[in-house]
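A.B. asks: Take this structure first; my questions come after.
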Amino acid sequence: MLVKDGKVIFEKHKEGTARFPVPDFPVEYGIPEELRRRVPLNLPEVPENEVVRHYVRLSQRNWGVDIGFYPLGSCTMKYNPKFNEDVSRLPGFTHLHPHAPIHLVQGALRLMYELQEYLKKLTGMDGITLQPVAGASGELTGIFMIKAYLKHRGEGHRDEVLIPDSAHGTNPATASMAGFRAIEVKSNDKGTLDVEDLKSKLSDRTVGLMITNPNTLGLFERDIREITDLVHRAGGQVYMDGANFNAIMGWVSLSDLGIDVVHLNLHKTFSTPHGGGGPGAGAVLVKEHLKPFLPVPTVEYDGERGVYYLDWNRPLSIGKVHAFYGHFLVMVRAYAYILSMGGEGLRQAAADAVLNANYLRHLIEGEYRISYPTRNMHEFVATAMPIKRETGVRTYDIAKRLLDYGFHAPTVYFPLIVPEALMIEPTETETKETLEAFAETLIKIKKEAYENPEVVKTAPHTTPVRRLDEVKAAKQLKVKWEGS
Ligand SMILES: Cc1ncc(COP(=O)(O)O)c(C=O)c1O
């Protein structure tokens, strides 16, 4: 949209292509004089079918799981069944007012309560809040609860949070936002946490350990029991980043692993379309000793009276972490997803996610170096280092070239401990044919790198825009036409 001489100019406008019906009653009928339009309304003239085509075309320029494969590692870009979307759009949910009295929102509270119970069952944990609105928001909530707990126990002097070098950036950011020092713990040559390094960093200053399991290399932390015992013996708490829960849901009790707090990214594992900044939900689950510190209000059920209610009377609570009760419609989707999948369905989804990732790794491992070539969980990390050394083609170029072949790139340059990383998470919802086509394309691009590196280095060639300034593209969005 362009403004010229105080008039809005529309790029699709063409004089005489659209006609408004002439009313057959006096236009001034019933409209007070002072409210009547004095100058004609400046609307674009565009035939209806052209308008539809314009917006559909624009929508298709955006990538999404409904268009194609989206193997963004650690992001779990699985297909989100439309049934969950339909349920989340029911007027009974969308028309709810957050200030509605409790007796009028029993259904919504029941949904939240039952979702809490399902998530507790899936993780083996004792208490929960659904209030945080993202993984990162869940992390901060969890670490605040640990802080409050330690203070309550008279150990407020503890100020060091131990974090593996493979962790997501939100982990150290969370620790420092909570006023702690983030201390890095090394990974070993198997890609899991180095227990000896952990031991050397535990002390009476340890707040706890933030550990992702399976970790961002797609590997299950096999020493987790030993690790959690060590942290507890040092007086610390274990926070698990559960962003990768999709790989293990229904298979393992986190409580049995010795986890004290965990967040789950409901938008990833439990089917809410995500990316582009939300909305999300980062449910946080805790063991019994941390329950008093949960944010207010908690959602409870009074079995005797048969009513659901909000409990604000929690003197040790860390307080509120978000307006009202969090992102309710994400909870609705998670609830619909869990009920439609069933317990066995969730277990099967996790198993299929792991199977797909292992199959894909198997398909490309002769051509791309896999960072830790053992059996992985839901994702694996390849490195384009040898290709870069021999041809000058970088991971970034490969990611861009994938777009020309109709695939979204995997996560790149993360985790930081793998140079030229390609972190690939196919998820359980992709077919064998898609995985094979993606593997073939990666192999084809590698061949191009050796035979015609320029074509890869200058990719993408087929997209509406080429290489963008990625910071500006995210921070200074241009969402309107400003003249050509
Ligand atoms: C391992 C891990 N932890 C935490 C997060 C943060 O989650 P969110 O983006 O919902 O804040 C992510 C997101 O990609 C992640 O992959």
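Labeling convention for the structure tokens: chains A, B, ... as they appear, residues from 1 per chain, ligands from 1 in order of appearance.
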Mind checking which residues fall within 12 Å of range 185-192 of chain A, counting only C-alpha atoms, ignoring those fewer than 6 positions away in the same chain, and posting them as a PyMOL selection string?

C.D. replies: chain A and resi 160-167+172+198-202+209-224+227+370-376+380-381+415-418

A.B. asks: May I have a table of the residues of chain A lying at most 9 Å from ligand 1, giving each one's closest pair of atoms and their distance in Å to one decimal, counting only C-alpha atoms and all ligand atoms, ordered by chain and ascending residue number, as a tab-separated table?

C.D. replies:
residue	atom	partner	partner_atom_place_in_ligand_line	distance
A:Gly73	CA	ligand 1	16 (O)	7.6
A:Ser74	CA	ligand 1	16 (O)	4.3
A:Cys75	CA	ligand 1	14 (O)	5.1
A:Thr76	CA	ligand 1	16 (O)	8.5
A:Val133	CA	ligand 1	10 (O)	7.6
A:Ala134	CA	ligand 1	10 (O)	3.9
A:Gly135	CA	ligand 1	10 (O)	3.5
A:Ala136	CA	ligand 1	11 (O)	3.7
A:Ser137	CA	ligand 1	11 (O)	6.3
A:Gly138	CA	ligand 1	11 (O)	7.8
A:Glu139	CA	ligand 1	4 (C)	7.8
A:Ala167	CA	ligand 1	1 (C)	6.6
A:His168	CA	ligand 1	1 (C)	4.9
A:Gly169	CA	ligand 1	3 (N)	7.5
A:Thr170	CA	ligand 1	4 (C)	5.8
A:Asn171	CA	ligand 1	4 (C)	7.0
A:Thr212	CA	ligand 1	1 (C)	6.3
A:Asn213	CA	ligand 1	1 (C)	8.6
A:Pro214	CA	ligand 1	1 (C)	9.0
A:Asn215	CA	ligand 1	1 (C)	7.2
A:Thr216	CA	ligand 1	1 (C)	6.0
A:Asp241	CA	ligand 1	3 (N)	5.8
A:Gly242	CA	ligand 1	3 (N)	7.1
A:Ala243	CA	ligand 1	2 (C)	4.9
A:Asn244	CA	ligand 1	1 (C)	6.5
A:His263	CA	ligand 1	4 (C)	8.8
A:Leu264	CA	ligand 1	10 (O)	8.7
A:Asn265	CA	ligand 1	10 (O)	5.7
A:Leu266	CA	ligand 1	10 (O)	8.4
A:His267	CA	ligand 1	10 (O)	7.4
A:Lys268	CA	ligand 1	10 (O)	7.8
A:His274	CA	ligand 1	10 (O)	8.7
A:Gly275	CA	ligand 1	9 (O)	8.0
A:Gly277	CA	ligand 1	9 (O)	7.6
A:Gly278	CA	ligand 1	10 (O)	7.9
A:Pro279	CA	ligand 1	10 (O)	8.9
A:Gly280	CA	ligand 1	10 (O)	6.3
A:Ala281	CA	ligand 1	10 (O)	7.1
A:Gly282	CA	ligand 1	10 (O)	6.6

A.B. asks: Take the residues just selected and output them with N, CA, C and O atoms as a compact mmCIF listing (two decimals), in the first residue's frame.

C.D. replies:
# COMPACT_ATOMS: atom_id res chain seq x y z
N GLY A 73 15.54 -29.20 13.37
CA GLY A 73 15.94 -29.95 14.57
C GLY A 73 15.59 -29.24 15.85
O GLY A 73 15.71 -28.03 15.96
N SER A 74 15.12 -30.02 16.83
CA SER A 74 14.77 -29.54 18.16
C SER A 74 13.48 -28.73 18.16
O SER A 74 13.06 -28.26 19.21
N CYS A 75 12.84 -28.57 17.02
CA CYS A 75 11.63 -27.75 16.95
C CYS A 75 10.37 -28.58 16.79
O CYS A 75 9.26 -28.05 16.93
N THR A 76 10.52 -29.87 16.47
CA THR A 76 9.39 -30.80 16.35
C THR A 76 8.27 -30.21 15.49
O THR A 76 7.16 -29.95 15.96
N VAL A 133 4.03 -19.54 28.86
CA VAL A 133 3.54 -19.47 27.48
C VAL A 133 4.58 -19.86 26.41
O VAL A 133 4.38 -19.58 25.23
N ALA A 134 5.66 -20.49 26.83
CA ALA A 134 6.66 -20.98 25.87
C ALA A 134 7.62 -21.85 26.65
O ALA A 134 7.57 -21.89 27.89
N GLY A 135 8.51 -22.52 25.92
CA GLY A 135 9.52 -23.31 26.61
C GLY A 135 10.36 -22.41 27.50
O GLY A 135 10.59 -22.69 28.69
N ALA A 136 10.82 -21.28 26.93
CA ALA A 136 11.68 -20.37 27.68
C ALA A 136 10.96 -19.83 28.91
O ALA A 136 11.56 -19.69 29.99
N SER A 137 9.68 -19.55 28.77
CA SER A 137 8.89 -19.04 29.88
C SER A 137 8.74 -20.13 30.96
O SER A 137 8.76 -19.84 32.17
N GLY A 138 8.64 -21.38 30.52
CA GLY A 138 8.60 -22.50 31.47
C GLY A 138 9.91 -22.64 32.22
O GLY A 138 9.94 -22.89 33.43
N GLU A 139 11.02 -22.46 31.49
CA GLU A 139 12.34 -22.55 32.14
C GLU A 139 12.45 -21.54 33.27
O GLU A 139 12.88 -21.86 34.38
N ALA A 167 23.58 -27.35 25.29
CA ALA A 167 22.23 -26.86 25.64
C ALA A 167 21.74 -25.77 24.69
O ALA A 167 22.52 -25.07 24.04
N HIS A 168 20.43 -25.64 24.66
CA HIS A 168 19.79 -24.55 23.92
C HIS A 168 20.10 -23.24 24.63
O HIS A 168 20.19 -23.20 25.87
N GLY A 169 20.22 -22.15 23.86
CA GLY A 169 20.61 -20.86 24.42
C GLY A 169 19.69 -20.34 25.51
O GLY A 169 20.08 -19.54 26.36
N THR A 170 18.42 -20.79 25.47
CA THR A 170 17.48 -20.31 26.49
C THR A 170 17.88 -20.78 27.89
O THR A 170 17.51 -20.14 28.88
N ASN A 171 18.63 -21.90 28.00
CA ASN A 171 19.00 -22.41 29.33
C ASN A 171 19.93 -21.44 30.07
O ASN A 171 19.59 -20.98 31.17
N THR A 212 18.99 -31.28 29.12
CA THR A 212 18.00 -31.59 28.09
C THR A 212 18.11 -33.08 27.79
O THR A 212 19.20 -33.59 27.56
N ASN A 213 16.97 -33.77 27.81
CA ASN A 213 17.02 -35.21 27.60
C ASN A 213 15.79 -35.68 26.83
O ASN A 213 14.68 -35.51 27.32
N PRO A 214 15.95 -36.30 25.64
CA PRO A 214 17.19 -36.48 24.91
C PRO A 214 17.81 -35.11 24.62
O PRO A 214 17.11 -34.12 24.48
N ASN A 215 19.14 -35.10 24.50
CA ASN A 215 19.82 -33.81 24.35
C ASN A 215 19.72 -33.29 22.91
O ASN A 215 19.10 -33.92 22.05
N THR A 216 20.32 -32.15 22.67
CA THR A 216 20.14 -31.52 21.35
C THR A 216 20.96 -32.21 20.25
O THR A 216 20.85 -31.84 19.09
N ASP A 241 15.04 -29.82 30.66
CA ASP A 241 14.45 -29.14 29.51
C ASP A 241 13.77 -30.24 28.69
O ASP A 241 14.44 -31.10 28.11
N GLY A 242 12.45 -30.22 28.67
CA GLY A 242 11.70 -31.30 28.01
C GLY A 242 11.26 -30.96 26.60
O GLY A 242 10.29 -31.53 26.10
N ALA A 243 12.01 -30.04 25.95
CA ALA A 243 11.64 -29.66 24.58
C ALA A 243 11.64 -30.87 23.65
O ALA A 243 10.95 -30.88 22.64
N ASN A 244 12.42 -31.90 24.00
CA ASN A 244 12.52 -33.07 23.13
C ASN A 244 11.69 -34.24 23.64
O ASN A 244 11.99 -35.40 23.34
N HIS A 263 9.98 -28.80 32.00
CA HIS A 263 8.95 -28.11 31.20
C HIS A 263 8.72 -28.91 29.92
O HIS A 263 9.63 -29.55 29.40
N LEU A 264 7.50 -28.87 29.46
CA LEU A 264 7.16 -29.51 28.18
C LEU A 264 6.70 -28.41 27.24
O LEU A 264 5.93 -27.53 27.64
N ASN A 265 7.18 -28.44 26.01
CA ASN A 265 6.70 -27.46 25.03
C ASN A 265 5.42 -28.03 24.43
O ASN A 265 5.48 -28.82 23.49
N LEU A 266 4.29 -27.63 24.97
CA LEU A 266 3.02 -28.21 24.47
C LEU A 266 2.85 -27.95 22.98
O LEU A 266 2.31 -28.77 22.25
N HIS A 267 3.33 -26.76 22.54
CA HIS A 267 3.16 -26.42 21.12
C HIS A 267 3.96 -27.34 20.22
O HIS A 267 3.61 -27.52 19.06
N LYS A 268 5.05 -27.93 20.72
CA LYS A 268 5.83 -28.84 19.87
C LYS A 268 5.26 -30.25 19.95
O LYS A 268 4.84 -30.82 18.96
N HIS A 274 3.35 -23.93 15.33
CA HIS A 274 4.22 -22.96 15.99
C HIS A 274 5.32 -22.49 15.05
O HIS A 274 5.43 -22.92 13.93
N GLY A 275 6.12 -21.58 15.55
CA GLY A 275 7.11 -20.91 14.72
C GLY A 275 6.65 -19.48 14.58
O GLY A 275 5.47 -19.16 14.78
N GLY A 277 7.13 -17.19 16.55
CA GLY A 277 6.97 -16.51 17.83
C GLY A 277 5.73 -16.83 18.64
O GLY A 277 5.42 -16.12 19.58
N GLY A 278 4.99 -17.85 18.29
CA GLY A 278 3.92 -18.23 19.21
C GLY A 278 2.58 -18.33 18.54
O GLY A 278 2.52 -18.24 17.33
N PRO A 279 1.50 -18.57 19.25
CA PRO A 279 1.47 -18.76 20.70
C PRO A 279 1.92 -20.17 21.08
O PRO A 279 1.77 -21.10 20.29
N GLY A 280 2.45 -20.28 22.28
CA GLY A 280 2.90 -21.57 22.76
C GLY A 280 2.42 -21.81 24.18
O GLY A 280 1.65 -21.01 24.73
N ALA A 281 2.89 -22.91 24.74
CA ALA A 281 2.61 -23.18 26.16
C ALA A 281 3.74 -24.05 26.69
O ALA A 281 4.11 -25.04 26.06
N GLY A 282 4.29 -23.64 27.81
CA GLY A 282 5.41 -24.39 28.40
C GLY A 282 5.02 -24.92 29.78
O GLY A 282 5.47 -24.40 30.79

A.B. asks: Distance CA of Arg305 in chain A-CA of Val105 in chain A, one decimal place?

C.D. replies: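 Taking CA of Arg305 in chain A as the start and CA of Val105 in chain A as the end point, the length is 15.6 Å.
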
A.B. asks: Pick out the residues sitting within 12 Å of Ala100 in chain A, and hand them over as a compact mmCIF listing (two decimals) with C-alpha atoms, in the first residue's frame; count only C-alpha atoms, and ignore anything fewer than 5 positions along from it in its own chain.

C.D. replies:
# COMPACT_ATOMS: atom_id res chain seq x y z
CA HIS A 95 -15.80 -16.75 23.58
CA VAL A 105 -16.31 -21.80 33.34
CA GLN A 106 -16.43 -25.25 34.90
CA ALA A 108 -12.74 -24.90 30.80
CA LEU A 109 -11.36 -25.63 34.26
CA PHE A 324 -4.62 -14.75 33.51

A.B. asks: So that I can check the surroundings of range 342-354 of chain A, please list as a PyMOL selection string every protein, DNA and RNA residue that reaches within 7 Å of it, counting only C-alpha atoms and ignoring chain neighbours fewer than 2 positions away.

C.D. replies: chain A and resi 246-251+338-340+356-358+377-378+427-428

A.B. asks: Based on the selection just made, write N, CA and C atoms of those residues as a PDB file, in the first residue's frame.

C.D. replies:
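Generated output (out16.pdb):
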ATOM      1  N   ASN A 246       9.007 -35.330  22.719  1.00  0.00           N
ATOM      2  CA  ASN A 246       8.346 -36.103  21.668  1.00  0.00           C
ATOM      3  C   ASN A 246       9.008 -37.466  21.464  1.00  0.00           C
ATOM      4  N   ALA A 247      10.298 -37.561  21.790  1.00  0.00           N
ATOM      5  CA  ALA A 247      11.025 -38.807  21.566  1.00  0.00           C
ATOM      6  C   ALA A 247      10.755 -39.849  22.643  1.00  0.00           C
ATOM      7  N   ILE A 248      10.245 -39.420  23.789  1.00  0.00           N
ATOM      8  CA  ILE A 248      10.171 -40.365  24.917  1.00  0.00           C
ATOM      9  C   ILE A 248       8.794 -40.445  25.575  1.00  0.00           C
ATOM     10  N   MET A 249       7.820 -39.716  25.035  1.00  0.00           N
ATOM     11  CA  MET A 249       6.523 -39.689  25.754  1.00  0.00           C
ATOM     12  C   MET A 249       5.922 -41.083  25.816  1.00  0.00           C
ATOM     13  N   GLY A 250       5.537 -41.443  27.019  1.00  0.00           N
ATOM     14  CA  GLY A 250       4.931 -42.753  27.231  1.00  0.00           C
ATOM     15  C   GLY A 250       5.933 -43.865  27.469  1.00  0.00           C
ATOM     16  N   TRP A 251       7.224 -43.544  27.373  1.00  0.00           N
ATOM     17  CA  TRP A 251       8.243 -44.591  27.493  1.00  0.00           C
ATOM     18  C   TRP A 251       9.037 -44.521  28.787  1.00  0.00           C
ATOM     19  N   ILE A 338      -4.138 -35.365  22.955  1.00  0.00           N
ATOM     20  CA  ILE A 338      -3.906 -36.491  23.868  1.00  0.00           C
ATOM     21  C   ILE A 338      -5.101 -37.451  23.822  1.00  0.00           C
ATOM     22  N   LEU A 339      -6.331 -36.899  23.862  1.00  0.00           N
ATOM     23  CA  LEU A 339      -7.503 -37.776  23.851  1.00  0.00           C
ATOM     24  C   LEU A 339      -7.633 -38.516  22.520  1.00  0.00           C
ATOM     25  N   SER A 340      -7.318 -37.836  21.417  1.00  0.00           N
ATOM     26  CA  SER A 340      -7.497 -38.513  20.131  1.00  0.00           C
ATOM     27  C   SER A 340      -6.393 -39.542  19.879  1.00  0.00           C
ATOM     28  N   ASN A 356      11.879 -42.821  12.384  1.00  0.00           N
ATOM     29  CA  ASN A 356      12.072 -41.956  11.215  1.00  0.00           C
ATOM     30  C   ASN A 356      13.440 -41.275  11.237  1.00  0.00           C
ATOM     31  N   ALA A 357      13.831 -40.798  12.418  1.00  0.00           N
ATOM     32  CA  ALA A 357      15.121 -40.098  12.512  1.00  0.00           C
ATOM     33  C   ALA A 357      16.276 -41.081  12.249  1.00  0.00           C
ATOM     34  N   ASN A 358      16.146 -42.294  12.762  1.00  0.00           N
ATOM     35  CA  ASN A 358      17.221 -43.276  12.533  1.00  0.00           C
ATOM     36  C   ASN A 358      17.280 -43.698  11.071  1.00  0.00           C
ATOM     37  N   MET A 377      17.898 -40.662  18.890  1.00  0.00           N
ATOM     38  CA  MET A 377      16.473 -40.631  19.251  1.00  0.00           C
ATOM     39  C   MET A 377      15.706 -39.930  18.127  1.00  0.00           C
ATOM     40  N   HIS A 378      15.071 -38.797  18.422  1.00  0.00           N
ATOM     41  CA  HIS A 378      14.171 -38.155  17.469  1.00  0.00           C
ATOM     42  C   HIS A 378      14.885 -37.302  16.426  1.00  0.00           C
ATOM     43  N   THR A 427      10.452 -35.973  12.533  1.00  0.00           N
ATOM     44  CA  THR A 427       9.186 -36.234  13.260  1.00  0.00           C
ATOM     45  C   THR A 427       8.473 -37.465  12.719  1.00  0.00           C
ATOM     46  N   GLU A 428       7.506 -37.911  13.496  1.00  0.00           N
ATOM     47  CA  GLU A 428       6.800 -39.163  13.201  1.00  0.00           C
ATOM     48  C   GLU A 428       5.774 -39.047  12.083  1.00  0.00           C
TER      49      GLU A 428
END

A.B. asks: One number please: CA of Pro98 in chain A to CA of Tyr113 in chain A, in Å, one decimal.

C.D. replies: 16.3 Å

A.B. asks: What are the closest atom pairs, with distances in Å to one decimal, for all residues of range 235-343 of chain A lying within 7 Å of range 80-93 of chain A? Consider only C-alpha atoms, order rows by chain and residue number, and present the result as CSV.

C.D. replies:
residue,atom,partner,partner_atom,distance
A:Ser271,CA,A:Asn80,CA,5.0
A:Thr272,CA,A:Asn80,CA,6.3
A:Pro273,CA,A:Asn80,CA,6.4
A:Leu329,CA,A:Ser88,CA,5.7
A:Val332,CA,A:Ser88,CA,5.6
A:Arg333,CA,A:Asn84,CA,5.0
A:Ala336,CA,A:Asn84,CA,5.6
A:Tyr337,CA,A:Asn84,CA,6.3

A.B. asks: When DSSP works through the backbone of this structure, what residues of range 236-300 of chain A end up as strand (DSSP E), shown as a VMD selection string?

C.D. replies: chain A and resid 237 to 242 261 to 265 282 to 286 298 to 300

A.B. asks: Enumerate, as a PyMOL selection string, the complete set of residues in range 212-434 of chain A that a backbone-based DSSP assignment places in helix (DSSP H, G or I).

C.D. replies: chain A and resi 224-233+245-247+266-269+288-293+328-364+385-391+395-404+432-434

A.B. asks: What are the closest atom pairs, with distances in Å to one decimal, for each residue of range 305-337 of chain A lying within 12 Å of range 284-289 of chain A, using only C-alpha atoms, rows by chain and rising residue number, as a Markdown table?

C.D. replies:
| residue | atom | partner | partner_atom | distance |
| --- | --- | --- | --- | --- |
| A:Leu316 | CA | A:His289 | CA | 11.7 |
| A:Val321 | CA | A:Val284 | CA | 11.5 |
| A:Gly326 | CA | A:Val284 | CA | 11.9 |

A.B. asks: Do you have the CA of Val22 in chain A-CA of Lys4 in chain A distance handy?

C.D. replies: 28.0 Å

A.B. asks: For range 438-442 of chain A, work out the shell of residues within 10 Å, counting only C-alpha atoms and skipping chain neighbours fewer than 3 positions away, then give it as a short mmCIF file (atom, residue, chain, number, x, y, z; two decimals) with C-alpha atoms, in the first residue's frame.

C.D. replies:
data_model
loop_
_atom_site.label_atom_id
_atom_site.label_comp_id
_atom_site.auth_asym_id
_atom_site.auth_seq_id
_atom_site.Cartn_x
_atom_site.Cartn_y
_atom_site.Cartn_z
CA PHE A 69 8.76 -31.26 4.92
CA PRO A 71 12.91 -30.98 9.49
CA TYR A 359 16.07 -44.23 9.04
CA LEU A 360 16.94 -40.79 7.69
CA ARG A 361 20.36 -40.86 9.36
CA HIS A 362 20.95 -44.29 7.83
CA LEU A 363 20.06 -42.94 4.37
CA ILE A 364 22.60 -40.12 4.41
CA GLU A 365 25.38 -41.33 6.67
CA GLU A 367 27.57 -39.12 2.30
CA TYR A 368 27.40 -36.74 5.25
CA ILE A 398 23.23 -26.34 1.59
CA ALA A 399 20.31 -25.05 3.66
CA ARG A 401 19.86 -24.90 -1.85
CA LEU A 402 17.32 -27.21 -0.19
CA TYR A 405 14.21 -28.44 -4.23
CA GLY A 406 11.11 -27.76 -2.16
CA PHE A 407 12.40 -28.61 1.31
CA HIS A 408 12.71 -26.40 4.36
CA PRO A 426 11.97 -35.47 10.69
CA LYS A 432 9.04 -43.08 4.13
CA GLU A 433 8.85 -41.56 0.61
CA THR A 434 9.38 -38.03 1.97
CA LEU A 435 12.37 -39.13 4.02
CA ILE A 445 23.38 -31.12 -3.26
CA LYS A 446 26.61 -32.63 -1.98
CA LYS A 447 27.36 -33.79 -5.55
CA GLU A 448 26.63 -30.28 -6.82
#

A.B. asks: Write out as a PyMOL selection string the residues lying within 10 Å of Arg110 in chain A, counting only C-alpha atoms and excluding same-chain residues fewer than 2 positions away.

C.D. replies: chain A and resi 105-108+112-116+299-301+307-309

A.B. asks: Env of range 40-56 of chain A: 9 Å cut, atoms = only C-alpha atoms, seq-sep filter 5 positions within chain, self excluded. Answer as a ChimeraX atom specification.

C.D. replies: /A:7-19,61

A.B. asks: Since we have the selection now, will you write its residues out, keeping all heavy atoms, as a tab-separated table (two decimals), in the first residue's frame?

C.D. replies:
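To be explicit, this is the file written out as result_35.tsv:
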chain	number	residue	atom	x	y	z
A	7	LYS	N	-3.63	10.12	-0.81
A	7	LYS	CA	-4.51	9.05	-1.29
A	7	LYS	C	-3.77	7.73	-1.24
A	7	LYS	O	-2.59	7.65	-1.61
A	7	LYS	CB	-4.90	9.35	-2.74
A	7	LYS	CG	-6.37	9.65	-2.91
A	7	LYS	CD	-6.68	9.91	-4.37
A	7	LYS	CE	-7.60	8.81	-4.87
A	7	LYS	NZ	-7.91	8.92	-6.28
A	8	VAL	N	-4.49	6.71	-0.79
A	8	VAL	CA	-3.85	5.39	-0.75
A	8	VAL	C	-3.87	4.78	-2.14
A	8	VAL	O	-4.90	4.76	-2.81
A	8	VAL	CB	-4.62	4.46	0.24
A	8	VAL	CG1	-4.02	3.06	0.21
A	8	VAL	CG2	-4.56	5.04	1.64
A	9	ILE	N	-2.72	4.31	-2.58
A	9	ILE	CA	-2.63	3.67	-3.91
A	9	ILE	C	-2.47	2.17	-3.67
A	9	ILE	O	-1.61	1.75	-2.89
A	9	ILE	CB	-1.39	4.16	-4.68
A	9	ILE	CG1	-1.23	5.67	-4.60
A	9	ILE	CG2	-1.39	3.65	-6.11
A	9	ILE	CD1	-2.20	6.48	-5.41
A	10	PHE	N	-3.26	1.38	-4.32
A	10	PHE	CA	-3.15	-0.08	-4.18
A	10	PHE	C	-2.54	-0.65	-5.46
A	10	PHE	O	-2.97	-0.28	-6.57
A	10	PHE	CB	-4.53	-0.71	-3.96
A	10	PHE	CG	-5.20	-0.24	-2.69
A	10	PHE	CD1	-6.00	0.88	-2.66
A	10	PHE	CD2	-5.00	-0.96	-1.50
A	10	PHE	CE1	-6.62	1.29	-1.49
A	10	PHE	CE2	-5.61	-0.55	-0.32
A	10	PHE	CZ	-6.41	0.58	-0.31
A	11	GLU	N	-1.59	-1.56	-5.30
A	11	GLU	CA	-0.89	-2.04	-6.49
A	11	GLU	C	-1.78	-2.87	-7.41
A	11	GLU	O	-1.50	-3.00	-8.60
A	11	GLU	CB	0.38	-2.80	-6.09
A	11	GLU	CG	0.22	-4.25	-5.66
A	11	GLU	CD	-0.05	-4.40	-4.17
A	11	GLU	OE1	-0.72	-3.53	-3.61
A	11	GLU	OE2	0.40	-5.41	-3.60
A	12	LYS	N	-2.87	-3.41	-6.90
A	12	LYS	CA	-3.72	-4.27	-7.73
A	12	LYS	C	-4.91	-3.49	-8.33
A	12	LYS	O	-5.71	-4.06	-9.07
A	12	LYS	CB	-4.27	-5.43	-6.90
A	12	LYS	CG	-3.21	-6.37	-6.38
A	12	LYS	CD	-2.74	-7.30	-7.48
A	12	LYS	CE	-1.47	-8.00	-7.02
A	12	LYS	NZ	-0.83	-8.74	-8.10
A	13	HIS	N	-5.03	-2.23	-7.94
A	13	HIS	CA	-6.18	-1.44	-8.39
A	13	HIS	C	-6.15	-1.20	-9.91
A	13	HIS	O	-5.11	-0.88	-10.47
A	13	HIS	CB	-6.15	-0.09	-7.67
A	13	HIS	CG	-7.12	0.91	-8.22
A	13	HIS	ND1	-8.44	0.88	-7.89
A	13	HIS	CD2	-6.94	1.95	-9.07
A	13	HIS	CE1	-9.05	1.88	-8.53
A	13	HIS	NE2	-8.15	2.53	-9.24
A	14	LYS	N	-7.32	-1.40	-10.55
A	14	LYS	CA	-7.43	-1.07	-11.97
A	14	LYS	C	-8.82	-0.50	-12.19
A	14	LYS	O	-9.82	-1.19	-11.95
A	14	LYS	CB	-7.22	-2.32	-12.81
A	14	LYS	CG	-6.58	-2.05	-14.12
A	14	LYS	CD	-5.96	-3.31	-14.66
A	14	LYS	CE	-5.75	-3.22	-16.14
A	14	LYS	NZ	-5.77	-4.55	-16.73
A	15	GLU	N	-8.82	0.76	-12.56
A	15	GLU	CA	-10.07	1.50	-12.75
A	15	GLU	C	-11.09	0.68	-13.54
A	15	GLU	O	-10.76	0.12	-14.59
A	15	GLU	CB	-9.74	2.81	-13.51
A	15	GLU	CG	-10.79	3.88	-13.42
A	15	GLU	CD	-10.70	4.64	-12.09
A	15	GLU	OE1	-9.58	4.82	-11.58
A	15	GLU	OE2	-11.77	5.03	-11.59
A	16	GLY	N	-12.28	0.60	-13.02
A	16	GLY	CA	-13.36	-0.01	-13.79
A	16	GLY	C	-13.45	-1.53	-13.69
A	16	GLY	O	-14.26	-2.14	-14.37
A	17	THR	N	-12.61	-2.16	-12.86
A	17	THR	CA	-12.66	-3.63	-12.79
A	17	THR	C	-13.61	-4.12	-11.70
A	17	THR	O	-13.89	-5.30	-11.62
A	17	THR	CB	-11.26	-4.23	-12.53
A	17	THR	OG1	-10.72	-3.58	-11.38
A	17	THR	CG2	-10.35	-4.05	-13.71
A	18	ALA	N	-14.06	-3.23	-10.85
A	18	ALA	CA	-15.04	-3.65	-9.84
A	18	ALA	C	-16.08	-2.56	-9.71
A	18	ALA	O	-15.76	-1.37	-9.80
A	18	ALA	CB	-14.34	-3.87	-8.51
A	19	ARG	N	-17.30	-2.96	-9.55
A	19	ARG	CA	-18.38	-1.98	-9.43
A	19	ARG	C	-19.15	-2.29	-8.15
A	19	ARG	O	-19.49	-3.44	-7.88
A	19	ARG	CB	-19.35	-2.14	-10.60
A	19	ARG	CG	-18.76	-1.69	-11.92
A	19	ARG	CD	-19.23	-0.27	-12.26
A	19	ARG	NE	-18.55	0.22	-13.44
A	19	ARG	CZ	-17.42	0.93	-13.39
A	19	ARG	NH1	-16.87	1.22	-12.25
A	19	ARG	NH2	-16.84	1.36	-14.49
A	61	ARG	N	3.59	-18.27	-0.22
A	61	ARG	CA	5.01	-17.90	-0.21
A	61	ARG	C	5.64	-18.18	1.14
A	61	ARG	O	6.84	-18.09	1.32
A	61	ARG	CB	5.18	-16.43	-0.55
A	61	ARG	CG	4.97	-16.20	-2.02
A	61	ARG	CD	5.31	-14.78	-2.37
A	61	ARG	NE	5.16	-14.59	-3.80
A	61	ARG	CZ	5.40	-13.46	-4.42
A	61	ARG	NH1	5.79	-12.42	-3.74
A	61	ARG	NH2	5.26	-13.37	-5.71
